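Remarks on the structure that follows.
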Amino acid sequence: MTLTIAPRVRALVLLLLAAACALLAAAGPASAHAAVTGSDPGQGAVVDKAPARISLTFSEQVAMSDDSLRVLDPEGKRVDTGKPSNVSGTTYAVPLHSGLPDGTYTVAYQVVSADSHPVAGAYTFSIGAPSKTSVSVSGQSADDGVVGWLYGFGRYVSYAGFIVMAGGAAFVLACWRRGSGVRPVQRFVVSGWVALTAATLALLLLRGSFTGSGKVADVFDLSLLGQVLQTKTGAALVSRLLLLAAAALFIAVLFGAYDKREDAQEKRDLTFGLSIGGVVVAAGLAASWAMSEHASVGLQAGIAMPVDVLHLLAVAAWLGGLGSLLVALYRAPADTPVDRPAVRRFSQIAFGSVLTLIATGTYQSWRQLGSWSAFTDTRYGQLLLAKIGLVVVMVGVAWISRRWTGRLAETAPVEAVAVREKERVGAGAEPAGDVATTDAGDGDAPATAHSDTDTDTDTDTDTDEHPGSERAAQLARQQAARDAARQKRMRDADPNRFGLRRSVLAEAGIAVVLLAVTTVLTQTEPGRTEQEAKAASSSSASASSGTGASGALTLNMPFDTGGEDGKGIVTVDLDPARVGDNEMHVFVERPNGRAFDIPEVKVEFTLKAKDIGPLPVVPDHIATGHWSANGVQIPMAGDWQVDVTVRTSDIDEVTVSKNAQIG
């Protein structure tokens, strides 16, 4: 049975890694975390006159480049002029050429949401009447798939590297205070540091192409890298690299000076210092995710970011410690196996980590979902249910591991046998009985062990006469094989230890899949945002279609009074745009999108079909370029004409109009 463990372990690990990669591949490019909740002109709308600009309203603030908003005519030529600008709140606009001919126009957008994820899409509107267009609305995303997949895989590796490094170091410091036996775990922790460093560098290079063109050729574009360094995500990645330098120093001390300390008091002092420094570095690394992703935007960001850091630290302590325990159980030397106190200490840490994950995860779920229906109605909620299910299964397997820990036999007798074995071998006495047993367990005939024993004298002679002979090297390899088999036999001598190894291996396998689901979850639009965006889009569509439903209404009207500084754009927001009381906001901006004050603004509503109006409204001045009025009465649903009178000086005045379905 012992001889088949290693191949089975390798096969299981490869299978689990394949499953994780399949999850990442199925995720595709990152889902949008900011959604378009409104546009002017609206999607599919047919307007009588060419608009002076197009505007898009998102569910949250977004970052834009010069080409983030593009408007294409039926032949695919750009008709937008200037750079996109933020006109109010989460509304962004770009001016258009004047005198655009009739036809169908395509609006394509590609922005970066506040939580660092790219958002891309397109829609059409028509001037005069719809026409044929050579522009394809589908496939407007610049991501060609390769860069998106690489970026997603890099995120997975970075999470895994942090968990292995932080959790492994915590396991050594808090649970397994050993000397030579810690060597396999040292390699495990160092591999986590290498993985996290390499993944962070890769993400930094991929970021510009991932949020831009999506072309592999742009990965090494230094100009894009310079732009990335000026963003919130770029600053987070650079901060992570700097903290990784401090983490390298921490690891060097942990497996260097700390490992060699013999004095108990000195070791306790160094343990305390390493604990404080390790927590600070680990928290800083965790904050590099919290400051640039879901936790940094939305509801209660000031609370969400510390909670997110605590959540990630708890994950690292549990899963990273679990991986270190697995390595210690399978790879530690037989003379220094992981003992029962170390396993018990880790069990206590894991239990505390699970309680922390439950508390922080509950808060995160409430914040990101907002309603019970979001669990089943959104992709984020469905992935969260899968994650919760995996955690429950993993906790169940961990309970089995705790039972094996309680049954774990004392390792002192085994260690004593190992010490005596070393002393006998060191004294020149070959443990023939043990060798015969080992060789028999390995499938070799006992005669082989006997022949090796009989040739000890010849070996000494050959070695003395021919130090570099092949015979000496062959016997050395045989001795090393016998020692390895003896160590493996002693490790597996305790059935309780063997059971613990199997249950911990099962936990680690579930953890690999759990980490893949978590990585996909961080790339998915939160359920609360998705539902709010759907509701806002539905309201906007209802208002523009005039089916009798209510929803906020936004009208953008360019004006020119003819005087100095007489050009601009006036925006009227009517909420909820229904029969009865409404709240109205009026914004006046220059052509470049900057707000500015004018002497007077008046609004009138006229329903010509019923000979109602004009109904005058004089809004109050609130701030620069902003007027507001409450209790605006709309007596009847219908196609209302909204007239806005703008006066820019004592003599310069103009009235602009636009029709809209209200109520």
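Residues in the structure tokens are numbered from 1 in each chain, the chains being A, B, ... in the order shown, and ligands are numbered from 1 in the order shown.
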
Exercise for the section: Excluding region 320-322 of chain A and any residue of its chain fewer than 6 positions from it, enumerate the residues within 8 Å of it, using only C-alpha atoms, and give them as a VMD selection string. Expected result: chain A and resid 163 to 168 170 to 171 346 504 507 to 508

Near region 589-602 of chain A, within 7 Å and counting only C-alpha atoms, which residues show up once chain neighbours fewer than 3 positions away are dropped, as a CSV table (one decimal) with all heavy atoms, in the first residue's frame?
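Generated output (around_17.csv):
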chain,number,residue,atom,x,y,z
A,85,SER,N,-16.2,63.0,-21.3
A,85,SER,CA,-16.1,63.7,-20.1
A,85,SER,C,-17.2,63.3,-19.1
A,85,SER,O,-18.3,62.8,-19.6
A,85,SER,CB,-16.2,65.2,-20.3
A,85,SER,OG,-17.4,65.6,-21.0
A,87,VAL,N,-20.1,64.4,-17.1
A,87,VAL,CA,-21.0,65.5,-17.1
A,87,VAL,C,-21.8,65.7,-15.8
A,87,VAL,O,-22.1,66.8,-15.4
A,87,VAL,CB,-22.0,65.4,-18.3
A,87,VAL,CG1,-21.3,65.6,-19.6
A,87,VAL,CG2,-22.8,64.2,-18.3
A,567,LYS,N,-22.8,79.3,-25.7
A,567,LYS,CA,-23.1,78.0,-26.1
A,567,LYS,C,-23.0,77.0,-25.0
A,567,LYS,O,-22.2,77.3,-24.0
A,567,LYS,CB,-22.1,77.5,-27.2
A,567,LYS,CG,-22.3,78.3,-28.6
A,567,LYS,CD,-21.3,77.7,-29.6
A,567,LYS,CE,-21.6,78.4,-31.0
A,567,LYS,NZ,-20.7,77.9,-32.0
A,568,GLY,N,-23.7,76.0,-25.0
A,568,GLY,CA,-23.7,75.0,-23.9
A,568,GLY,C,-24.7,73.9,-24.1
A,568,GLY,O,-25.3,73.8,-25.1
A,569,ILE,N,-24.9,73.1,-23.0
A,569,ILE,CA,-25.8,72.0,-23.0
A,569,ILE,C,-26.6,72.1,-21.7
A,569,ILE,O,-26.0,72.2,-20.7
A,569,ILE,CB,-25.1,70.6,-23.2
A,569,ILE,CG1,-24.3,70.5,-24.5
A,569,ILE,CG2,-26.1,69.5,-23.0
A,569,ILE,CD1,-23.4,69.3,-24.6
A,570,VAL,N,-27.9,72.0,-21.9
A,570,VAL,CA,-28.8,72.0,-20.7
A,570,VAL,C,-29.4,70.6,-20.5
A,570,VAL,O,-29.9,70.0,-21.5
A,570,VAL,CB,-29.9,73.1,-20.7
A,570,VAL,CG1,-30.8,72.9,-21.9
A,570,VAL,CG2,-30.7,73.0,-19.5
A,617,VAL,N,-42.2,76.2,-14.6
A,617,VAL,CA,-41.4,75.8,-13.4
A,617,VAL,C,-40.2,76.6,-13.4
A,617,VAL,O,-39.4,76.6,-14.4
A,617,VAL,CB,-41.1,74.3,-13.4
A,617,VAL,CG1,-40.3,73.9,-12.2
A,617,VAL,CG2,-42.3,73.4,-13.6
A,618,VAL,N,-40.0,77.3,-12.3
A,618,VAL,CA,-38.7,78.1,-12.1
A,618,VAL,C,-37.9,77.4,-11.0
A,618,VAL,O,-38.2,77.5,-9.8
A,618,VAL,CB,-39.1,79.5,-11.7
A,618,VAL,CG1,-37.8,80.3,-11.5
A,618,VAL,CG2,-40.0,80.2,-12.7
A,619,PRO,N,-36.9,76.6,-11.3
A,619,PRO,CA,-36.1,75.9,-10.3
A,619,PRO,C,-35.2,76.8,-9.5
A,619,PRO,O,-34.9,77.9,-9.9
A,619,PRO,CB,-35.3,74.9,-11.2
A,619,PRO,CG,-35.1,75.6,-12.5
A,619,PRO,CD,-36.4,76.4,-12.7
A,624,THR,N,-23.0,75.4,-8.6
A,624,THR,CA,-22.6,75.9,-9.9
A,624,THR,C,-23.1,75.0,-11.0
A,624,THR,O,-22.9,73.8,-11.1
A,624,THR,CB,-21.0,75.8,-10.0
A,624,THR,OG1,-20.5,76.6,-8.9
A,624,THR,CG2,-20.5,76.3,-11.3
A,625,GLY,N,-23.9,75.6,-11.9
A,625,GLY,CA,-24.5,74.9,-13.0
A,625,GLY,C,-25.6,73.9,-12.6
A,625,GLY,O,-26.0,73.0,-13.5
A,644,VAL,N,-37.1,74.6,-22.4
A,644,VAL,CA,-36.2,75.2,-21.4
A,644,VAL,C,-35.7,76.5,-22.0
A,644,VAL,O,-35.1,76.6,-23.1
A,644,VAL,CB,-35.0,74.2,-21.2
A,644,VAL,CG1,-34.0,74.8,-20.1
A,644,VAL,CG2,-35.5,72.8,-20.8
A,645,THR,N,-35.9,77.6,-21.2
A,645,THR,CA,-35.4,78.9,-21.6
A,645,THR,C,-34.1,79.2,-20.8
A,645,THR,O,-34.1,79.1,-19.6
A,645,THR,CB,-36.4,80.0,-21.2
A,645,THR,OG1,-37.7,79.7,-21.9
A,645,THR,CG2,-36.0,81.3,-21.6
A,646,VAL,N,-33.1,79.5,-21.6
A,646,VAL,CA,-31.8,79.7,-21.0
A,646,VAL,C,-31.4,81.2,-21.3
A,646,VAL,O,-31.4,81.6,-22.5
A,646,VAL,CB,-30.7,78.7,-21.6
A,646,VAL,CG1,-29.3,79.0,-21.1
A,646,VAL,CG2,-31.1,77.3,-21.3
A,647,ARG,N,-31.0,81.9,-20.3
A,647,ARG,CA,-30.5,83.3,-20.5
A,647,ARG,C,-29.1,83.4,-20.0
A,647,ARG,O,-28.8,83.1,-18.8
A,647,ARG,CB,-31.4,84.3,-19.7
A,647,ARG,CG,-31.1,85.7,-19.9
A,647,ARG,CD,-32.2,86.7,-19.4
A,647,ARG,NE,-32.4,86.5,-18.0
A,647,ARG,CZ,-31.7,87.2,-17.1
A,647,ARG,NH1,-30.7,88.0,-17.4
A,647,ARG,NH2,-32.1,87.0,-15.8
A,648,THR,N,-28.2,83.8,-20.9
A,648,THR,CA,-26.8,83.8,-20.5
A,648,THR,C,-26.3,85.2,-20.2
A,648,THR,O,-25.2,85.4,-19.7
A,648,THR,CB,-25.9,83.2,-21.7
A,648,THR,OG1,-26.2,83.9,-22.9
A,648,THR,CG2,-26.2,81.8,-21.9
A,649,SER,N,-27.1,86.2,-20.6
A,649,SER,CA,-26.8,87.6,-20.2
A,649,SER,C,-28.1,88.4,-20.2
A,649,SER,O,-29.2,87.9,-20.3
A,649,SER,CB,-25.8,88.2,-21.3
A,649,SER,OG,-26.5,88.4,-22.5

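Comparing A:Gln227, A:Thr211, A:Gln633, A:Thr571 by their smallest distance to Ser116 (chain A), the closest is A:Thr211 (using only C-alpha atoms).
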
Problem - Which residue of A:Pro41, A:Gly161, A:Gly103, A:Gly562 approaches Ala286 (chain A) most closely, using only C-alpha atoms - result: A:Gly161

Completion exercise
Shortest contact to Arg268 (chain A), candidates A:Val354, A:Ala174, A:Ala169, A:Leu243, atoms counted only C-alpha atoms, goes to A:Ala174

Problem - Exercise: Leu515 (chain A) partners within 12 Å, only C-alpha atoms, chain neighbours under 2 positions left out, as a PyMOL selection string - result: chain A and resi 16-17+19-21+23-24+153+155-164+312+315-316+319-320+383+386-388+390-391+508-513+517-522

Practice task
Give the strand (DSSP E or B) residues of region 106-289 of chain A, as assigned by DSSP on the backbone, as a ChimeraX atom specification.
Solution key: /A:106-113,118-127

Dump as a short mmCIF file (atom, residue, chain, number, x, y, z; two decimals), in the first residue's frame, selection limited to N, CA and C atoms:
data_model
loop_
_atom_site.label_atom_id
_atom_site.label_comp_id
_atom_site.auth_asym_id
_atom_site.auth_seq_id
_atom_site.Cartn_x
_atom_site.Cartn_y
_atom_site.Cartn_z
N THR A 106 -23.79 53.59 -34.38
CA THR A 106 -23.38 52.63 -33.35
C THR A 106 -22.57 53.34 -32.28
N VAL A 107 -22.94 53.11 -31.03
CA VAL A 107 -22.20 53.65 -29.89
C VAL A 107 -21.45 52.49 -29.24
N ALA A 108 -20.13 52.55 -29.25
CA ALA A 108 -19.30 51.52 -28.63
C ALA A 108 -18.58 52.13 -27.44
N TYR A 109 -18.54 51.41 -26.34
CA TYR A 109 -17.88 51.90 -25.13
C TYR A 109 -16.98 50.82 -24.53
N GLN A 110 -15.89 51.26 -23.96
CA GLN A 110 -14.96 50.38 -23.26
C GLN A 110 -14.33 51.18 -22.12
N VAL A 111 -14.73 50.87 -20.91
CA VAL A 111 -14.30 51.61 -19.73
C VAL A 111 -13.80 50.62 -18.68
N VAL A 112 -13.30 51.16 -17.57
CA VAL A 112 -12.84 50.33 -16.45
C VAL A 112 -13.65 50.74 -15.23
N SER A 113 -14.31 49.77 -14.61
CA SER A 113 -15.15 50.07 -13.46
C SER A 113 -14.29 50.43 -12.25
N PRO A 118 -12.74 45.60 -16.53
CA PRO A 118 -13.11 46.25 -17.78
C PRO A 118 -14.57 46.00 -18.13
N VAL A 119 -15.19 46.99 -18.72
CA VAL A 119 -16.59 46.91 -19.15
C VAL A 119 -16.64 47.35 -20.60
N ALA A 120 -17.23 46.55 -21.47
CA ALA A 120 -17.31 46.89 -22.89
C ALA A 120 -18.66 46.49 -23.43
N GLY A 121 -19.12 47.20 -24.45
CA GLY A 121 -20.40 46.90 -25.07
C GLY A 121 -20.71 47.88 -26.17
N ALA A 122 -21.88 47.75 -26.78
CA ALA A 122 -22.28 48.63 -27.87
C ALA A 122 -23.79 48.57 -28.04
N TYR A 123 -24.34 49.63 -28.63
CA TYR A 123 -25.76 49.65 -28.98
C TYR A 123 -25.93 50.61 -30.15
N THR A 124 -27.13 50.66 -30.73
CA THR A 124 -27.39 51.52 -31.89
C THR A 124 -28.57 52.45 -31.63
N PHE A 125 -28.57 53.58 -32.31
CA PHE A 125 -29.71 54.48 -32.39
C PHE A 125 -29.76 55.03 -33.81
N SER A 126 -30.85 55.63 -34.18
CA SER A 126 -31.02 56.10 -35.56
C SER A 126 -31.46 57.55 -35.59
N ILE A 127 -31.02 58.24 -36.62
CA ILE A 127 -31.45 59.61 -36.88
C ILE A 127 -32.38 59.57 -38.09
#

Exercise for the section: Mind giving me the straight-line distance from CA of Pro84 (chain A) to CA of Leu69 (chain A) in Å, one decimal? Expected result: 6.4 Å

Handout entry: Nearest to Ala247 (chain A), chosen from A:Trp193, A:Phe210, A:Tyr151, A:Trp399, with only C-alpha atoms counted in the distances
Key = A:Trp193

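Within the 6 Å cut-off around Glu583 (chain A), using only C-alpha atoms and omitting residues fewer than 3 positions from it on the same chain, the listed residues are Leu574, Asp575 and Asn630 of chain A.
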
Handout entry: 6 Å contact set for Leu96 (chain A), only C-alpha atoms, chain neighbours under 4 positions out, as a list in words
Key = Ala52, Arg53, Val79, Asp80 and Thr81 of chain A

Got time to write the residues from that selection, all heavy atoms, as a PDB file, in the first residue's frame?
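Listing of again_5.pdb after writing:
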ATOM      1  N   ALA A  52     -26.423  66.626 -30.328  1.00  0.00           N
ATOM      2  CA  ALA A  52     -25.115  67.283 -30.236  1.00  0.00           C
ATOM      3  C   ALA A  52     -24.096  66.400 -29.536  1.00  0.00           C
ATOM      4  O   ALA A  52     -22.888  66.576 -29.698  1.00  0.00           O
ATOM      5  CB  ALA A  52     -25.248  68.602 -29.484  1.00  0.00           C
ATOM      6  N   ARG A  53     -24.556  65.425 -28.771  1.00  0.00           N
ATOM      7  CA  ARG A  53     -23.661  64.523 -28.061  1.00  0.00           C
ATOM      8  C   ARG A  53     -24.433  63.263 -27.702  1.00  0.00           C
ATOM      9  O   ARG A  53     -25.664  63.219 -27.763  1.00  0.00           O
ATOM     10  CB  ARG A  53     -23.123  65.169 -26.784  1.00  0.00           C
ATOM     11  CG  ARG A  53     -24.210  65.424 -25.740  1.00  0.00           C
ATOM     12  CD  ARG A  53     -23.637  65.945 -24.447  1.00  0.00           C
ATOM     13  NE  ARG A  53     -24.687  66.078 -23.429  1.00  0.00           N
ATOM     14  CZ  ARG A  53     -24.448  66.432 -22.170  1.00  0.00           C
ATOM     15  NH1 ARG A  53     -23.221  66.706 -21.789  1.00  0.00           N
ATOM     16  NH2 ARG A  53     -25.446  66.519 -21.300  1.00  0.00           N
ATOM     17  N   VAL A  79     -17.733  59.572 -35.786  1.00  0.00           N
ATOM     18  CA  VAL A  79     -18.353  60.887 -35.899  1.00  0.00           C
ATOM     19  C   VAL A  79     -18.297  61.639 -34.570  1.00  0.00           C
ATOM     20  O   VAL A  79     -18.875  62.724 -34.458  1.00  0.00           O
ATOM     21  CB  VAL A  79     -19.830  60.759 -36.357  1.00  0.00           C
ATOM     22  CG1 VAL A  79     -19.899  60.184 -37.760  1.00  0.00           C
ATOM     23  CG2 VAL A  79     -20.642  59.913 -35.378  1.00  0.00           C
ATOM     24  N   ASP A  80     -17.613  61.062 -33.553  1.00  0.00           N
ATOM     25  CA  ASP A  80     -17.465  61.764 -32.280  1.00  0.00           C
ATOM     26  C   ASP A  80     -16.272  62.693 -32.347  1.00  0.00           C
ATOM     27  O   ASP A  80     -15.307  62.447 -33.090  1.00  0.00           O
ATOM     28  CB  ASP A  80     -17.298  60.774 -31.125  1.00  0.00           C
ATOM     29  CG  ASP A  80     -16.161  59.798 -31.351  1.00  0.00           C
ATOM     30  OD1 ASP A  80     -16.354  58.839 -32.137  1.00  0.00           O
ATOM     31  OD2 ASP A  80     -15.085  59.971 -30.756  1.00  0.00           O
ATOM     32  N   THR A  81     -16.325  63.764 -31.590  1.00  0.00           N
ATOM     33  CA  THR A  81     -15.224  64.730 -31.545  1.00  0.00           C
ATOM     34  C   THR A  81     -14.854  64.986 -30.091  1.00  0.00           C
ATOM     35  O   THR A  81     -15.719  65.010 -29.211  1.00  0.00           O
ATOM     36  CB  THR A  81     -15.641  66.063 -32.197  1.00  0.00           C
ATOM     37  OG1 THR A  81     -16.728  66.622 -31.468  1.00  0.00           O
ATOM     38  CG2 THR A  81     -16.049  65.853 -33.647  1.00  0.00           C
TER      39      THR A  81
END

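The space separating CA of Ala35 (chain A) from CA of Asp67 (chain A) comes to 18.2 Å.
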
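Here CA of Ser292 (chain A) stands at a distance of 12.0 Å from CA of Ala304 (chain A).
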